[in-house]
Number of protein chains: 2
Amino acid sequence: MSRPFLLGVLGGMGPLATLDFQHKLLEATPAESDQQQLPSVVWNVPQVADRQKALAGLGPSPLPQLLQGIEKLNQAGASHIVIACNTAHHWYDALSRASAAPLLHIVDATLESLVVQKPQRVGIIATKGTLEAGWFQRGFAAQGIEAVEPTPEELAEWFVPGCYAVKRGALREGGVLLSLLADALLARGAERLVLACTEVPVALRAVAASSLAQSLDPAQALAQRCAKIWLAQRHSYLA
Amino acid sequence: MSRPFLLGVLGGMGPLATLDFQHKLLEATPAESDQQQLPSVVWNVPQVADRQKALAGLGPSPLPQLLQGIEKLNQAGASHIVIACNTAHHWYDALSRASAAPLLHIVDATLESLVVQKPQRVGIIATKGTLEAGWFQRGFAAQGIEAVEPTPEELAEWFVPGCYAVKRGALREGGVLLSLLADALLARGAERLVLACTEVPVALRAVAASSLAQSLDPAQALAQRCAKIWLAQRHSYLA
């Protein structure tokens, strides 16, 4: 651990979500000058095979391209790396093994934020791949939290078209579809919602969805965790 | 020129302006999927010595830190590099010599956009360093355009405090000050304004300044130039 702090961001999935994550880093860091802001290097290369299609067995694996990004971020001197995409955490173990810099996991950061509020039932809005991987559900179970998940019909009718609408820039259209899903999970007893796909918070904000008040954004939790590490080291780095 | 397209962005000056530039890249690129967006690697390390202070002889040179960024971007495989800060173009020649990838100059991109409209008098809002360097004025002169510059008093009373207000997040306060300067240059006969400091467009938007309608943002012109290069190569890259 002799490398000076430099956050590597494995982005591009999608490019707008990568910018959103960078904004969250700025928001999470109290700073009175440019020099106090968190230093980062961002691999924002969106020519990565589609993660949802790969996990559905309908397309090639993005792993080779993700490994290339991890290699570049390490070469650039990253001391810590984050993946600015929930679904891509499917390849977390393989990427982690290939990286000299530690990879901070988005689920760990989310649970750290979530347990403070001690909810009993928490909804998860995520891709089929993220839901089937079960990371959030296992993390919840370890804290005695019950997971409220979308049905296959809700995923097909609201979630998937909502996400692809955001990816092509139709934020309001995506927001309307994803709000229907958010409201359905709250109606089934969720006290809080984890918006575990980077397109979802962007879309819900575009329609000023009331469900945002009960929502937790894992990307924001991850940004806050990064800022905490930077703030603990900033003094010596700037001295 | 065998490297595949990858835009290197030398950012961090400041970190918010670097995000703004990345948004402009997205806006400048027509795309229907993530994969069609421009690939980039962003060196967003704000621990760079203050450029305005260095040029005023009041602080250390940022050149060593800028050279480090250029080296990292080349190592990451950048095929083209841009500097997301007008004032840092003071070190353009030294950075260009140290870079295998060509550096696109923000003044070239701005002139390319400006000459289409054939203005006769154009105002420049920029740091003292950028104004004294004379890049924009020489470019204008070569096109038969007369430059309208801020007075030393306008720089001291409106420009400098306006920029530092933006850097500490006081966008409206910065917008009020920078609007006074924009209106003064228009009153002295400028038909168009070049907002040649990345803080200025952000601040003018925060107060919905009427002068924006006559303004050209060099960062936007630079993003459009990058997008043009990417679009010309995209087909072969995605094939």
# chains A, B, ... in the order shown; residues from 1 in each chain; ligands from 1
call {"tool": "closest_atom_pairs", "arguments": {"of": "chain B", "to": "chain A", "cutoff": "9 Å", "atoms": "only C-alpha atoms", "output": "tab-separated table"}}
result
residue	atom	partner	partner_atom	distance
B:Leu6	CA	A:Val45	CA	8.1
B:Gly12	CA	A:Asp34	CA	7.6
B:Met13	CA	A:Asp34	CA	7.2
B:Gly14	CA	A:Asp34	CA	5.6
B:Pro15	CA	A:Asp34	CA	6.7
B:Leu16	CA	A:Leu26	CA	7.8
B:Leu19	CA	A:Leu19	CA	6.6
B:Gln22	CA	A:Leu19	CA	7.3
B:His23	CA	A:Leu19	CA	7.5
B:Leu26	CA	A:Leu16	CA	7.8
B:Ala31	CA	A:Arg168	CA	7.4
B:Glu32	CA	A:Arg168	CA	5.3
B:Ser33	CA	A:Arg168	CA	6.0
B:Asp34	CA	A:Pro46	CA	5.5
B:Gln35	CA	A:Gln47	CA	4.5
B:Gln36	CA	A:Gln47	CA	7.4
B:Gln37	CA	A:Pro46	CA	6.4
B:Leu38	CA	A:Val45	CA	7.4
B:Pro39	CA	A:Val45	CA	4.2
B:Ser40	CA	A:Asn44	CA	5.2
B:Val41	CA	A:Trp43	CA	4.7
B:Val42	CA	A:Val42	CA	4.9
B:Trp43	CA	A:Val41	CA	4.7
B:Asn44	CA	A:Ser40	CA	5.2
B:Val45	CA	A:Pro39	CA	4.2
B:Pro46	CA	A:Gln35	CA	5.1
B:Gln47	CA	A:Gln35	CA	4.5
B:Val48	CA	A:Gln35	CA	6.8
B:Ala49	CA	A:Gln35	CA	8.0
B:Asp50	CA	A:Gln35	CA	8.6
B:Lys72	CA	A:Ala76	CA	5.6
B:Leu73	CA	A:Ala76	CA	8.0
B:Gln75	CA	A:Ala76	CA	7.5
B:Ala76	CA	A:Lys72	CA	5.6
B:Gly77	CA	A:Lys72	CA	8.6
B:Tyr164	CA	A:Ser33	CA	8.8
B:Lys167	CA	A:Ser33	CA	6.5
B:Arg168	CA	A:Glu32	CA	5.5
B:Gly169	CA	A:Glu32	CA	8.5
B:Leu238	CA	A:Gln47	CA	7.9
call {"tool": "residues_around", "arguments": {"residues": "segment 144-158 of chain B", "least_positions_apart": "6", "cutoff": "6 Å", "atoms": "only C-alpha atoms", "output": "list in words"}}
result
Gln120, Arg121, Val122, Gly123, Ile124, Gln137, Leu177 and Leu178 of chain B
call {"tool": "write_last_selection", "arguments": {"atoms": "all heavy atoms", "output": "mmCIF file, in the first residue's frame"}}
result
data_model
loop_
_atom_site.group_PDB
_atom_site.id
_atom_site.type_symbol
_atom_site.label_atom_id
_atom_site.label_comp_id
_atom_site.auth_asym_id
_atom_site.auth_seq_id
_atom_site.Cartn_x
_atom_site.Cartn_y
_atom_site.Cartn_z
ATOM 1 N N GLN B 120 -17.171 40.022 -37.488
ATOM 2 C CA GLN B 120 -16.089 40.988 -37.687
ATOM 3 C C GLN B 120 -15.378 41.320 -36.385
ATOM 4 O O GLN B 120 -14.195 41.602 -36.373
ATOM 5 C CB GLN B 120 -16.654 42.270 -38.313
ATOM 6 C CG GLN B 120 -17.273 41.990 -39.682
ATOM 7 C CD GLN B 120 -17.464 43.249 -40.474
ATOM 8 O OE1 GLN B 120 -17.964 44.249 -39.981
ATOM 9 N NE2 GLN B 120 -17.026 43.203 -41.733
ATOM 10 N N ARG B 121 -16.145 41.356 -35.275
ATOM 11 C CA ARG B 121 -15.553 41.659 -33.966
ATOM 12 C C ARG B 121 -15.997 40.583 -32.986
ATOM 13 O O ARG B 121 -17.196 40.348 -32.828
ATOM 14 C CB ARG B 121 -16.025 43.028 -33.459
ATOM 15 C CG ARG B 121 -15.537 44.198 -34.300
ATOM 16 C CD ARG B 121 -16.348 45.463 -34.011
ATOM 17 N NE ARG B 121 -16.168 45.946 -32.649
ATOM 18 C CZ ARG B 121 -15.198 46.777 -32.267
ATOM 19 N NH1 ARG B 121 -14.327 47.226 -33.144
ATOM 20 N NH2 ARG B 121 -15.110 47.172 -31.020
ATOM 21 N N VAL B 122 -15.030 39.966 -32.313
ATOM 22 C CA VAL B 122 -15.351 38.879 -31.384
ATOM 23 C C VAL B 122 -14.703 39.155 -30.029
ATOM 24 O O VAL B 122 -13.503 39.454 -29.961
ATOM 25 C CB VAL B 122 -14.878 37.518 -31.946
ATOM 26 C CG1 VAL B 122 -15.076 36.408 -30.908
ATOM 27 C CG2 VAL B 122 -15.631 37.172 -33.241
ATOM 28 N N GLY B 123 -15.508 39.074 -28.969
ATOM 29 C CA GLY B 123 -14.995 39.271 -27.610
ATOM 30 C C GLY B 123 -14.385 37.986 -27.063
ATOM 31 O O GLY B 123 -14.802 36.888 -27.444
ATOM 32 N N ILE B 124 -13.381 38.145 -26.193
ATOM 33 C CA ILE B 124 -12.738 36.972 -25.583
ATOM 34 C C ILE B 124 -12.834 37.097 -24.062
ATOM 35 O O ILE B 124 -12.354 38.077 -23.487
ATOM 36 C CB ILE B 124 -11.231 36.886 -25.933
ATOM 37 C CG1 ILE B 124 -11.008 37.077 -27.433
ATOM 38 C CG2 ILE B 124 -10.656 35.552 -25.473
ATOM 39 C CD1 ILE B 124 -9.525 37.183 -27.795
ATOM 40 N N GLN B 137 -6.214 35.840 -30.255
ATOM 41 C CA GLN B 137 -6.057 37.067 -31.038
ATOM 42 C C GLN B 137 -5.332 36.786 -32.362
ATOM 43 O O GLN B 137 -5.726 37.310 -33.404
ATOM 44 C CB GLN B 137 -5.277 38.121 -30.239
ATOM 45 C CG GLN B 137 -5.978 38.588 -28.964
ATOM 46 C CD GLN B 137 -5.561 37.780 -27.737
ATOM 47 O OE1 GLN B 137 -5.387 36.562 -27.816
ATOM 48 N NE2 GLN B 137 -5.409 38.448 -26.607
ATOM 49 N N LEU B 177 -21.236 37.882 -11.766
ATOM 50 C CA LEU B 177 -20.005 38.625 -12.065
ATOM 51 C C LEU B 177 -19.595 38.470 -13.531
ATOM 52 O O LEU B 177 -19.262 39.442 -14.214
ATOM 53 C CB LEU B 177 -18.867 38.134 -11.156
ATOM 54 C CG LEU B 177 -18.996 38.516 -9.673
ATOM 55 C CD1 LEU B 177 -18.062 37.677 -8.806
ATOM 56 C CD2 LEU B 177 -18.705 40.014 -9.497
ATOM 57 N N LEU B 178 -19.642 37.229 -14.022
ATOM 58 C CA LEU B 178 -19.175 36.986 -15.394
ATOM 59 C C LEU B 178 -20.151 37.553 -16.427
ATOM 60 O O LEU B 178 -19.756 37.918 -17.528
ATOM 61 C CB LEU B 178 -18.914 35.491 -15.593
ATOM 62 C CG LEU B 178 -17.701 35.006 -14.764
ATOM 63 C CD1 LEU B 178 -17.686 33.489 -14.627
ATOM 64 C CD2 LEU B 178 -16.398 35.493 -15.384
#
call {"tool": "select_by_dssp", "arguments": {"residues": "segment 12-235 of chain B", "states": "strand (DSSP E or B)", "output": "ChimeraX atom specification"}}
result
/B:40-44,80-83,103-104,121-125,146-148,192-195,215-216
call {"tool": "write_last_selection", "arguments": {"atoms": "N, CA, C and O atoms", "output": "compact mmCIF listing (two decimals), in the first residue's frame"}}
result
# COMPACT_ATOMS: atom_id res chain seq x y z
N SER B 40 -13.05 6.90 -24.40
CA SER B 40 -12.10 7.85 -23.85
C SER B 40 -11.46 7.33 -22.58
O SER B 40 -11.98 6.42 -21.93
N VAL B 41 -10.31 7.90 -22.26
CA VAL B 41 -9.67 7.66 -20.97
C VAL B 41 -9.37 9.04 -20.41
O VAL B 41 -8.85 9.91 -21.12
N VAL B 42 -9.78 9.26 -19.18
CA VAL B 42 -9.79 10.60 -18.61
C VAL B 42 -8.86 10.67 -17.40
O VAL B 42 -9.04 9.92 -16.44
N TRP B 43 -7.85 11.53 -17.48
CA TRP B 43 -6.94 11.75 -16.36
C TRP B 43 -7.49 12.94 -15.58
O TRP B 43 -7.30 14.08 -15.97
N ASN B 44 -8.27 12.63 -14.52
CA ASN B 44 -8.96 13.69 -13.79
C ASN B 44 -8.32 13.85 -12.41
O ASN B 44 -8.90 13.50 -11.39
N HIS B 80 -5.47 10.18 -29.64
CA HIS B 80 -5.56 11.63 -29.71
C HIS B 80 -5.70 12.13 -28.28
O HIS B 80 -6.31 11.43 -27.46
N ILE B 81 -5.17 13.32 -28.02
CA ILE B 81 -5.28 13.87 -26.66
C ILE B 81 -5.82 15.29 -26.73
O ILE B 81 -5.48 16.04 -27.66
N VAL B 82 -6.69 15.64 -25.77
CA VAL B 82 -7.15 17.03 -25.63
C VAL B 82 -6.89 17.49 -24.20
O VAL B 82 -6.84 16.67 -23.27
N ILE B 83 -6.71 18.79 -24.05
CA ILE B 83 -6.53 19.40 -22.73
C ILE B 83 -7.83 20.14 -22.41
O ILE B 83 -8.19 21.07 -23.11
N LEU B 103 -1.85 16.15 -29.99
CA LEU B 103 -2.72 16.95 -29.12
C LEU B 103 -3.55 17.89 -30.00
O LEU B 103 -2.99 18.71 -30.73
N LEU B 104 -4.89 17.76 -29.92
CA LEU B 104 -5.76 18.68 -30.65
C LEU B 104 -5.80 20.00 -29.88
O LEU B 104 -6.00 19.99 -28.66
N ARG B 121 -16.14 41.36 -35.28
CA ARG B 121 -15.55 41.66 -33.97
C ARG B 121 -16.00 40.58 -32.99
O ARG B 121 -17.20 40.35 -32.83
N VAL B 122 -15.03 39.97 -32.31
CA VAL B 122 -15.35 38.88 -31.38
C VAL B 122 -14.70 39.15 -30.03
O VAL B 122 -13.50 39.45 -29.96
N GLY B 123 -15.51 39.07 -28.97
CA GLY B 123 -14.99 39.27 -27.61
C GLY B 123 -14.38 37.99 -27.06
O GLY B 123 -14.80 36.89 -27.44
N ILE B 124 -13.38 38.15 -26.19
CA ILE B 124 -12.74 36.97 -25.58
C ILE B 124 -12.83 37.10 -24.06
O ILE B 124 -12.35 38.08 -23.49
N ILE B 125 -13.43 36.10 -23.43
CA ILE B 125 -13.44 36.05 -21.96
C ILE B 125 -12.48 34.94 -21.57
O ILE B 125 -12.71 33.77 -21.88
N GLU B 146 -11.51 41.14 -35.60
CA GLU B 146 -10.94 42.00 -34.57
C GLU B 146 -11.31 41.46 -33.18
O GLU B 146 -12.46 41.11 -32.94
N ALA B 147 -10.33 41.41 -32.28
CA ALA B 147 -10.57 40.90 -30.93
C ALA B 147 -11.00 42.02 -29.99
O ALA B 147 -10.42 43.11 -30.02
N VAL B 148 -12.04 41.77 -29.19
CA VAL B 148 -12.47 42.72 -28.16
C VAL B 148 -12.11 42.09 -26.81
O VAL B 148 -12.65 41.05 -26.45
N ARG B 192 -19.90 38.40 -31.26
CA ARG B 192 -19.88 37.05 -30.68
C ARG B 192 -18.90 37.09 -29.51
O ARG B 192 -18.01 37.94 -29.45
N LEU B 193 -19.06 36.12 -28.59
CA LEU B 193 -18.13 36.01 -27.46
C LEU B 193 -17.54 34.61 -27.44
O LEU B 193 -18.27 33.62 -27.61
N VAL B 194 -16.23 34.54 -27.25
CA VAL B 194 -15.59 33.25 -27.04
C VAL B 194 -15.36 33.09 -25.54
O VAL B 194 -14.67 33.91 -24.93
N LEU B 195 -16.00 32.08 -24.95
CA LEU B 195 -15.92 31.86 -23.49
C LEU B 195 -14.75 30.94 -23.20
O LEU B 195 -14.90 29.74 -22.97
N SER B 215 -22.74 33.42 -27.68
CA SER B 215 -21.46 32.91 -27.19
C SER B 215 -21.06 31.60 -27.84
O SER B 215 -21.91 30.80 -28.23
N LEU B 216 -19.76 31.41 -27.94
CA LEU B 216 -19.22 30.17 -28.44
C LEU B 216 -18.31 29.59 -27.34
O LEU B 216 -17.49 30.30 -26.77
call {"tool": "residues_around", "arguments": {"residues": "Ala206 of chain A", "least_positions_apart": "2", "cutoff": "10 Å", "atoms": "only C-alpha atoms", "output": "ChimeraX atom specification"}}
result
/A:170-176,200-204,208-209
